>>> print(open('run.cif').read())   # mmCIF, C-alpha atoms, pLDDT in the B column; chains and numbers go by the auth columns
data_run
loop_
_atom_site.group_PDB
_atom_site.id
_atom_site.type_symbol
_atom_site.label_atom_id
_atom_site.label_comp_id
_atom_site.label_asym_id
_atom_site.label_seq_id
_atom_site.Cartn_x
_atom_site.Cartn_y
_atom_site.Cartn_z
_atom_site.B_iso_or_equiv
_atom_site.auth_seq_id
_atom_site.auth_asym_id
ATOM 1 C CA MET A 1 86.427 -83.132 -58.815 94.00 1 A
ATOM 2 C CA ILE A 2 85.354 -86.299 -57.070 97.00 2 A
ATOM 3 C CA LYS A 3 87.657 -88.537 -55.033 98.00 3 A
ATOM 4 C CA ILE A 4 86.987 -92.255 -54.852 98.00 4 A
ATOM 5 C CA GLY A 5 88.511 -94.351 -52.107 98.00 5 A
ATOM 6 C CA ILE A 6 89.008 -98.086 -52.389 98.00 6 A
ATOM 7 C CA ALA A 7 88.582 -100.790 -49.764 98.00 7 A
ATOM 8 C CA GLY A 8 88.263 -104.465 -50.497 97.00 8 A
ATOM 9 C CA HIS A 9 89.436 -107.999 -50.192 96.00 9 A
ATOM 10 C CA ARG A 10 92.727 -109.255 -51.563 95.00 10 A
ATOM 11 C CA ASP A 11 91.435 -112.747 -52.238 95.00 11 A
ATOM 12 C CA LEU A 12 88.633 -112.146 -54.756 96.00 12 A
ATOM 13 C CA ASP A 13 87.172 -115.319 -56.253 95.00 13 A
ATOM 14 C CA LYS A 14 88.844 -115.558 -59.661 94.00 14 A
ATOM 15 C CA ARG A 15 85.712 -117.051 -61.252 95.00 15 A
ATOM 16 C CA PHE A 16 83.961 -113.681 -60.972 96.00 16 A
ATOM 17 C CA ILE A 17 86.799 -111.237 -61.699 97.00 17 A
ATOM 18 C CA GLU A 18 85.590 -110.320 -65.191 98.00 18 A
ATOM 19 C CA GLU A 19 82.117 -109.512 -63.852 98.00 19 A
ATOM 20 C CA TYR A 20 83.613 -107.383 -61.072 98.00 20 A
ATOM 21 C CA LYS A 21 85.726 -105.523 -63.634 98.00 21 A
ATOM 22 C CA LYS A 22 82.653 -104.774 -65.771 98.00 22 A
ATOM 23 C CA GLN A 23 80.684 -103.428 -62.821 98.00 23 A
ATOM 24 C CA VAL A 24 83.570 -101.289 -61.563 98.00 24 A
ATOM 25 C CA PHE A 25 84.285 -99.932 -65.057 98.00 25 A
ATOM 26 C CA LYS A 26 80.628 -99.000 -65.549 98.00 26 A
ATOM 27 C CA LYS A 27 80.427 -97.205 -62.190 98.00 27 A
ATOM 28 C CA LEU A 28 83.697 -95.340 -62.815 98.00 28 A
ATOM 29 C CA ASP A 29 82.581 -94.379 -66.320 98.00 29 A
ATOM 30 C CA ASP A 30 79.263 -93.072 -64.971 97.00 30 A
ATOM 31 C CA LEU A 31 81.084 -90.989 -62.361 98.00 31 A
ATOM 32 C CA LYS A 32 83.547 -89.658 -64.922 97.00 32 A
ATOM 33 C CA GLN A 33 80.694 -88.619 -67.243 96.00 33 A
ATOM 34 C CA LYS A 34 79.016 -86.808 -64.368 96.00 34 A
ATOM 35 C CA HIS A 35 82.060 -85.222 -62.690 95.00 35 A
ATOM 36 C CA HIS A 36 84.658 -85.151 -65.502 85.00 36 A
ATOM 37 C CA GLU A 37 87.550 -85.039 -63.029 95.00 37 A
ATOM 38 C CA VAL A 38 87.883 -88.199 -60.947 97.00 38 A
ATOM 39 C CA ILE A 39 90.804 -89.373 -58.840 98.00 39 A
ATOM 40 C CA LEU A 40 91.243 -92.601 -56.871 98.00 40 A
ATOM 41 C CA ILE A 41 92.913 -93.159 -53.526 98.00 41 A
ATOM 42 C CA SER A 42 94.226 -96.698 -53.195 98.00 42 A
ATOM 43 C CA PRO A 43 96.697 -98.671 -51.063 98.00 43 A
ATOM 44 C CA LEU A 44 97.508 -100.714 -54.212 98.00 44 A
ATOM 45 C CA ALA A 45 97.195 -104.057 -52.428 97.00 45 A
ATOM 46 C CA ASP A 46 96.439 -107.239 -54.356 97.00 46 A
ATOM 47 C CA GLY A 47 92.837 -107.949 -55.277 97.00 47 A
ATOM 48 C CA ALA A 48 90.210 -105.219 -55.058 98.00 48 A
ATOM 49 C CA ASP A 49 92.605 -102.258 -54.850 98.00 49 A
ATOM 50 C CA ARG A 50 94.416 -103.126 -58.045 98.00 50 A
ATOM 51 C CA LEU A 51 91.285 -104.251 -59.884 98.00 51 A
ATOM 52 C CA VAL A 52 89.724 -100.809 -59.412 98.00 52 A
ATOM 53 C CA VAL A 53 92.954 -99.008 -60.326 98.00 53 A
ATOM 54 C CA TYR A 54 93.327 -100.965 -63.572 98.00 54 A
ATOM 55 C CA GLU A 55 89.727 -100.254 -64.581 98.00 55 A
ATOM 56 C CA ALA A 56 90.253 -96.568 -63.772 98.00 56 A
ATOM 57 C CA MET A 57 93.400 -96.454 -65.899 98.00 57 A
ATOM 58 C CA LYS A 58 91.350 -97.640 -68.905 98.00 58 A
ATOM 59 C CA LEU A 59 89.305 -94.455 -68.486 98.00 59 A
ATOM 60 C CA GLY A 60 92.308 -92.185 -67.985 97.00 60 A
ATOM 61 C CA ILE A 61 91.535 -91.748 -64.290 98.00 61 A
ATOM 62 C CA LYS A 62 94.567 -90.991 -62.146 98.00 62 A
ATOM 63 C CA TYR A 63 95.270 -92.373 -58.691 98.00 63 A
ATOM 64 C CA ILE A 64 97.006 -91.545 -55.455 98.00 64 A
ATOM 65 C CA ALA A 65 98.848 -94.361 -53.682 98.00 65 A
ATOM 66 C CA ALA A 66 98.133 -94.293 -49.943 98.00 66 A
ATOM 67 C CA LEU A 67 100.534 -96.724 -48.298 98.00 67 A
ATOM 68 C CA PRO A 68 99.775 -98.094 -44.826 98.00 68 A
ATOM 69 C CA MET A 69 103.470 -98.193 -43.897 97.00 69 A
ATOM 70 C CA GLN A 70 106.899 -97.590 -45.396 96.00 70 A
ATOM 71 C CA LYS A 71 107.172 -99.190 -48.825 96.00 71 A
ATOM 72 C CA LYS A 72 109.869 -101.648 -47.749 95.00 72 A
ATOM 73 C CA LEU A 73 107.689 -103.027 -44.927 95.00 73 A
ATOM 74 C CA TYR A 74 104.524 -103.013 -47.031 97.00 74 A
ATOM 75 C CA LYS A 75 106.134 -105.060 -49.791 96.00 75 A
ATOM 76 C CA ASP A 76 106.648 -107.888 -47.271 96.00 76 A
ATOM 77 C CA ASP A 77 102.900 -108.537 -47.663 95.00 77 A
ATOM 78 C CA PHE A 78 103.282 -109.370 -51.375 97.00 78 A
ATOM 79 C CA ASP A 79 104.739 -112.327 -53.248 96.00 79 A
ATOM 80 C CA THR A 80 107.486 -111.806 -55.847 96.00 80 A
ATOM 81 C CA THR A 81 105.142 -111.238 -58.811 97.00 81 A
ATOM 82 C CA SER A 82 102.936 -108.934 -56.787 97.00 82 A
ATOM 83 C CA LYS A 83 105.955 -106.858 -55.687 98.00 83 A
ATOM 84 C CA LEU A 84 106.854 -106.201 -59.332 97.00 84 A
ATOM 85 C CA GLU A 85 103.289 -105.205 -60.157 98.00 85 A
ATOM 86 C CA PHE A 86 103.183 -102.958 -57.076 98.00 86 A
ATOM 87 C CA GLU A 87 106.372 -101.157 -58.134 98.00 87 A
ATOM 88 C CA LYS A 88 104.977 -100.581 -61.617 98.00 88 A
ATOM 89 C CA LEU A 89 101.714 -99.183 -60.231 98.00 89 A
ATOM 90 C CA LEU A 90 103.596 -97.012 -57.765 98.00 90 A
ATOM 91 C CA LYS A 91 105.588 -95.430 -60.611 97.00 91 A
ATOM 92 C CA ASN A 92 102.339 -94.459 -62.350 97.00 92 A
ATOM 93 C CA ALA A 93 100.729 -92.936 -59.253 98.00 93 A
ATOM 94 C CA GLU A 94 99.943 -89.244 -59.358 98.00 94 A
ATOM 95 C CA HIS A 95 101.162 -88.933 -55.777 98.00 95 A
ATOM 96 C CA ILE A 96 102.407 -91.312 -53.070 98.00 96 A
ATOM 97 C CA LEU A 97 101.757 -90.824 -49.376 97.00 97 A
ATOM 98 C CA THR A 98 102.681 -93.004 -46.436 97.00 98 A
ATOM 99 C CA ILE A 99 100.740 -93.186 -43.190 95.00 99 A
ATOM 100 C CA SER A 100 102.863 -92.492 -40.094 91.00 100 A
ATOM 101 C CA HIS A 101 103.727 -95.514 -37.991 87.00 101 A
ATOM 102 C CA THR A 102 102.087 -96.348 -34.722 81.00 102 A
ATOM 103 C CA LYS A 103 104.415 -96.746 -31.761 88.00 103 A
ATOM 104 C CA PRO A 104 104.867 -99.566 -31.208 91.00 104 A
ATOM 105 C CA PHE A 105 104.470 -100.612 -34.835 91.00 105 A
ATOM 106 C CA ILE A 106 101.340 -102.757 -35.194 92.00 106 A
ATOM 107 C CA ARG A 107 100.732 -103.950 -38.751 94.00 107 A
ATOM 108 C CA ASP A 108 96.928 -104.342 -38.489 94.00 108 A
ATOM 109 C CA ARG A 109 96.653 -100.904 -36.917 96.00 109 A
ATOM 110 C CA GLN A 110 98.509 -99.450 -39.916 97.00 110 A
ATOM 111 C CA TYR A 111 95.905 -100.995 -42.229 97.00 111 A
ATOM 112 C CA GLU A 112 93.188 -99.486 -40.086 97.00 112 A
ATOM 113 C CA LEU A 113 94.836 -96.051 -40.265 97.00 113 A
ATOM 114 C CA VAL A 114 95.205 -96.124 -44.054 98.00 114 A
ATOM 115 C CA GLY A 115 91.579 -97.271 -44.413 97.00 115 A
ATOM 116 C CA ARG A 116 90.396 -94.410 -42.223 97.00 116 A
ATOM 117 C CA TYR A 117 92.590 -91.953 -44.121 98.00 117 A
ATOM 118 C CA ILE A 118 91.053 -93.078 -47.396 98.00 118 A
ATOM 119 C CA SER A 119 87.525 -92.887 -45.974 98.00 119 A
ATOM 120 C CA ASN A 120 88.135 -89.409 -44.562 98.00 120 A
ATOM 121 C CA ASN A 121 89.561 -88.108 -47.835 98.00 121 A
ATOM 122 C CA CYS A 122 87.131 -89.486 -50.409 98.00 122 A
ATOM 123 C CA ASN A 123 83.664 -88.511 -51.559 98.00 123 A
ATOM 124 C CA ILE A 124 82.670 -92.108 -52.292 98.00 124 A
ATOM 125 C CA LEU A 125 84.169 -95.316 -50.961 98.00 125 A
ATOM 126 C CA PHE A 126 84.166 -98.261 -53.364 98.00 126 A
ATOM 127 C CA ALA A 127 83.955 -101.380 -51.210 98.00 127 A
ATOM 128 C CA LEU A 128 84.525 -104.707 -52.947 98.00 128 A
ATOM 129 C CA TRP A 129 83.406 -106.624 -49.904 96.00 129 A
ATOM 130 C CA ASP A 130 81.707 -109.916 -49.062 95.00 130 A
ATOM 131 C CA GLY A 131 79.407 -108.100 -46.614 93.00 131 A
ATOM 132 C CA LYS A 132 80.662 -109.945 -43.547 93.00 132 A
ATOM 133 C CA GLN A 133 81.711 -108.178 -40.359 89.00 133 A
ATOM 134 C CA ASN A 134 84.547 -110.300 -39.004 87.00 134 A
ATOM 135 C CA GLY A 135 85.981 -107.696 -36.634 85.00 135 A
ATOM 136 C CA PHE A 136 89.522 -107.795 -38.061 88.00 136 A
ATOM 137 C CA ILE A 137 91.377 -104.585 -37.240 90.00 137 A
ATOM 138 C CA GLY A 138 91.938 -102.757 -40.515 91.00 138 A
ATOM 139 C CA GLY A 139 89.794 -105.257 -42.433 93.00 139 A
ATOM 140 C CA THR A 140 87.359 -104.247 -45.143 96.00 140 A
ATOM 141 C CA GLY A 141 84.313 -104.708 -42.906 95.00 141 A
ATOM 142 C CA GLU A 142 85.759 -102.428 -40.246 96.00 142 A
ATOM 143 C CA ILE A 143 86.600 -99.730 -42.791 97.00 143 A
ATOM 144 C CA VAL A 144 83.086 -99.903 -44.264 97.00 144 A
ATOM 145 C CA LYS A 145 81.596 -99.637 -40.772 96.00 145 A
ATOM 146 C CA TYR A 146 83.795 -96.604 -40.028 97.00 146 A
ATOM 147 C CA HIS A 147 82.846 -94.985 -43.344 97.00 147 A
ATOM 148 C CA LEU A 148 79.108 -95.453 -42.803 97.00 148 A
ATOM 149 C CA LYS A 149 79.333 -94.278 -39.184 96.00 149 A
ATOM 150 C CA ASN A 150 80.570 -90.981 -40.598 94.00 150 A
ATOM 151 C CA LYS A 151 77.543 -90.841 -42.915 95.00 151 A
ATOM 152 C CA LYS A 152 79.565 -90.928 -46.102 96.00 152 A
ATOM 153 C CA ILE A 153 78.626 -92.368 -49.501 97.00 153 A
ATOM 154 C CA LEU A 154 79.416 -96.036 -50.081 98.00 154 A
ATOM 155 C CA TRP A 155 79.283 -97.998 -53.325 98.00 155 A
ATOM 156 C CA HIS A 156 79.259 -101.644 -52.325 97.00 156 A
ATOM 157 C CA LEU A 157 80.023 -104.368 -54.837 97.00 157 A
ATOM 158 C CA LYS A 158 79.297 -107.660 -53.086 97.00 158 A
ATOM 159 C CA VAL A 159 82.091 -110.060 -53.903 97.00 159 A
ATOM 160 C CA ASP A 160 82.936 -113.671 -53.258 94.00 160 A
ATOM 161 C CA ARG A 161 86.303 -114.689 -51.885 94.00 161 A
ATOM 162 C CA ASN A 162 88.532 -117.626 -52.692 84.00 162 A
ATOM 163 C CA ALA A 163 87.826 -120.629 -50.504 62.00 163 A
ATOM 164 C CA ILE A 164 90.500 -121.204 -47.905 52.00 164 A
#
>>> encode(input="run.cif", output="structure tokens")
Amino acid sequence: MIKIGIAGHRDLDKRFIEEYKKQVFKKLDDLKQKHHEVILISPLADGADRLVVYEAMKLGIKYIAALPMQKKLYKDDFDTTSKLEFEKLLKNAEHILTISHTKPFIRDRQYELVGRYISNNCNILFALWDGKQNGFIGGTGEIVKYHLKNKKILWHLKVDRNAI
């Protein structure tokens, strides 16, 4: 069995979503052909996390939901439509785990902890990342840096983000 972790941006540029889906599907399919049993670990956030999960589902690949905080608090980060989608994905998860809270509770630190958990518990990290190190605690760049520091396998799909 091979475990694939997911890290990535929430605000993927919509113009390139179909291309990202194709590349993710191909990589997942290749891994499934080679390893037969594949499982994902995902926080199920908007953007990259869900894109990878949906492509995996097309291949019959199961996923574990790794939540950075209690579900009620985590859902505050999503809009109404996203909350409904999150609940649906959560129901289909093979397993749900929640990272323990820091004391005092620091939201960015929780994202960092879930990213590190995913990195520590996967064989390959899929990073849908723009390649920029912005230093945000718990951000994709920081999780990638942590993953590589531990000499683990990274599959990086360079992505563009929506303009702010």
>>> residues_around(input="run.cif", residues="range 86-103 of chain A", least_positions_apart="6", cutoff="10 Å", atoms="all atoms listed in the file", output="mmCIF file with C-alpha atoms, in the coordinates of the input")
data_model
loop_
_atom_site.group_PDB
_atom_site.id
_atom_site.type_symbol
_atom_site.label_atom_id
_atom_site.label_comp_id
_atom_site.auth_asym_id
_atom_site.auth_seq_id
_atom_site.Cartn_x
_atom_site.Cartn_y
_atom_site.Cartn_z
ATOM 1 C CA ILE A 39 90.804 -89.373 -58.840
ATOM 2 C CA LEU A 40 91.243 -92.601 -56.871
ATOM 3 C CA ILE A 41 92.913 -93.159 -53.526
ATOM 4 C CA SER A 42 94.226 -96.698 -53.195
ATOM 5 C CA PRO A 43 96.697 -98.671 -51.063
ATOM 6 C CA LEU A 44 97.508 -100.714 -54.212
ATOM 7 C CA ALA A 45 97.195 -104.057 -52.428
ATOM 8 C CA ASP A 46 96.439 -107.239 -54.356
ATOM 9 C CA ARG A 50 94.416 -103.126 -58.045
ATOM 10 C CA VAL A 53 92.954 -99.008 -60.326
ATOM 11 C CA TYR A 54 93.327 -100.965 -63.572
ATOM 12 C CA MET A 57 93.400 -96.454 -65.899
ATOM 13 C CA LYS A 62 94.567 -90.991 -62.146
ATOM 14 C CA TYR A 63 95.270 -92.373 -58.691
ATOM 15 C CA ILE A 64 97.006 -91.545 -55.455
ATOM 16 C CA ALA A 65 98.848 -94.361 -53.682
ATOM 17 C CA ALA A 66 98.133 -94.293 -49.943
ATOM 18 C CA LEU A 67 100.534 -96.724 -48.298
ATOM 19 C CA PRO A 68 99.775 -98.094 -44.826
ATOM 20 C CA MET A 69 103.470 -98.193 -43.897
ATOM 21 C CA GLN A 70 106.899 -97.590 -45.396
ATOM 22 C CA LYS A 71 107.172 -99.190 -48.825
ATOM 23 C CA LYS A 75 106.134 -105.060 -49.791
ATOM 24 C CA PHE A 78 103.282 -109.370 -51.375
ATOM 25 C CA THR A 80 107.486 -111.806 -55.847
ATOM 26 C CA ARG A 109 96.653 -100.904 -36.917
ATOM 27 C CA GLN A 110 98.509 -99.450 -39.916
ATOM 28 C CA TYR A 111 95.905 -100.995 -42.229
ATOM 29 C CA LEU A 113 94.836 -96.051 -40.265
ATOM 30 C CA VAL A 114 95.205 -96.124 -44.054
ATOM 31 C CA TYR A 117 92.590 -91.953 -44.121
#
>>> atom_distance(input="run.cif", atom1="CA of Arg10 in chain A", atom2="CA of Leu157 in chain A")
14.0 Å
>>> atom_distance(input="run.cif", atom1="CA of Gly8 in chain A", atom2="CA of Asn150 in chain A")
18.4 Å
>>> closest_residue(input="run.cif", among="A:Leu125, A:Glu112, A:Glu18, A:Lys3", to="Leu154 in chain A", atoms="only C-alpha atoms")
A:Leu125
>>> atom_distance(input="run.cif", atom1="CA of Phe126 in chain A", atom2="CA of Asp79 in chain A")
24.9 Å
>>> residues_around(input="run.cif", residues="Val144 in chain A", least_positions_apart="3", cutoff="9 Å", atoms="all atoms listed in the file", output="PyMOL selection string")
chain A and resi 7+115+119+125+127+129+139-141+147-149+154
>>> residues_around(input="run.cif", residues="range 24-29 of chain A", least_positions_apart="2", cutoff="7 Å", atoms="all atoms listed in the file", output="ChimeraX atom specification")
/A:20-22,31-33,52,55-56
>>> axis_aligned_box(input="run.cif", around="range 5-15 of chain A", padding_each_side="5 Å", output="lines of an AutoDock Vina configuration file")
center_x = 89.2
center_y = -105.7
center_z = -55.5
size_x = 17.0
size_y = 32.7
size_z = 21.5
>>> closest_residue(input="run.cif", among="A:His156, A:Lys58, A:Arg116, A:Arg161", to="Glu142 in chain A", atoms="only C-alpha atoms")
A:Arg116
>>> resolve_selection(input="run.cif", expression="the PyMOL selection byres ((chain A and resi 159) around 6)", output="list in words")
Leu128, Trp129, Asp130, Lys158 and Asp160 of chain A
>>> resolve_selection(input="run.cif", expression="the PyMOL selection byres ((chain A and resi 12) around 6)", output="list in words")
Arg10, Asp11, Asp13, Lys14, Gly47, Arg161 and Asn162 of chain A
>>> closest_residue(input="run.cif", among="A:Gly60, A:Ile137, A:Ile2, A:Pro104", to="Ile153 in chain A", atoms="only C-alpha atoms")
A:Ile2
>>> closest_residue(input="run.cif", among="A:Lys132, A:Lys151, A:Lys145, A:Arg107", to="His9 in chain A", atoms="only C-alpha atoms")
A:Lys132
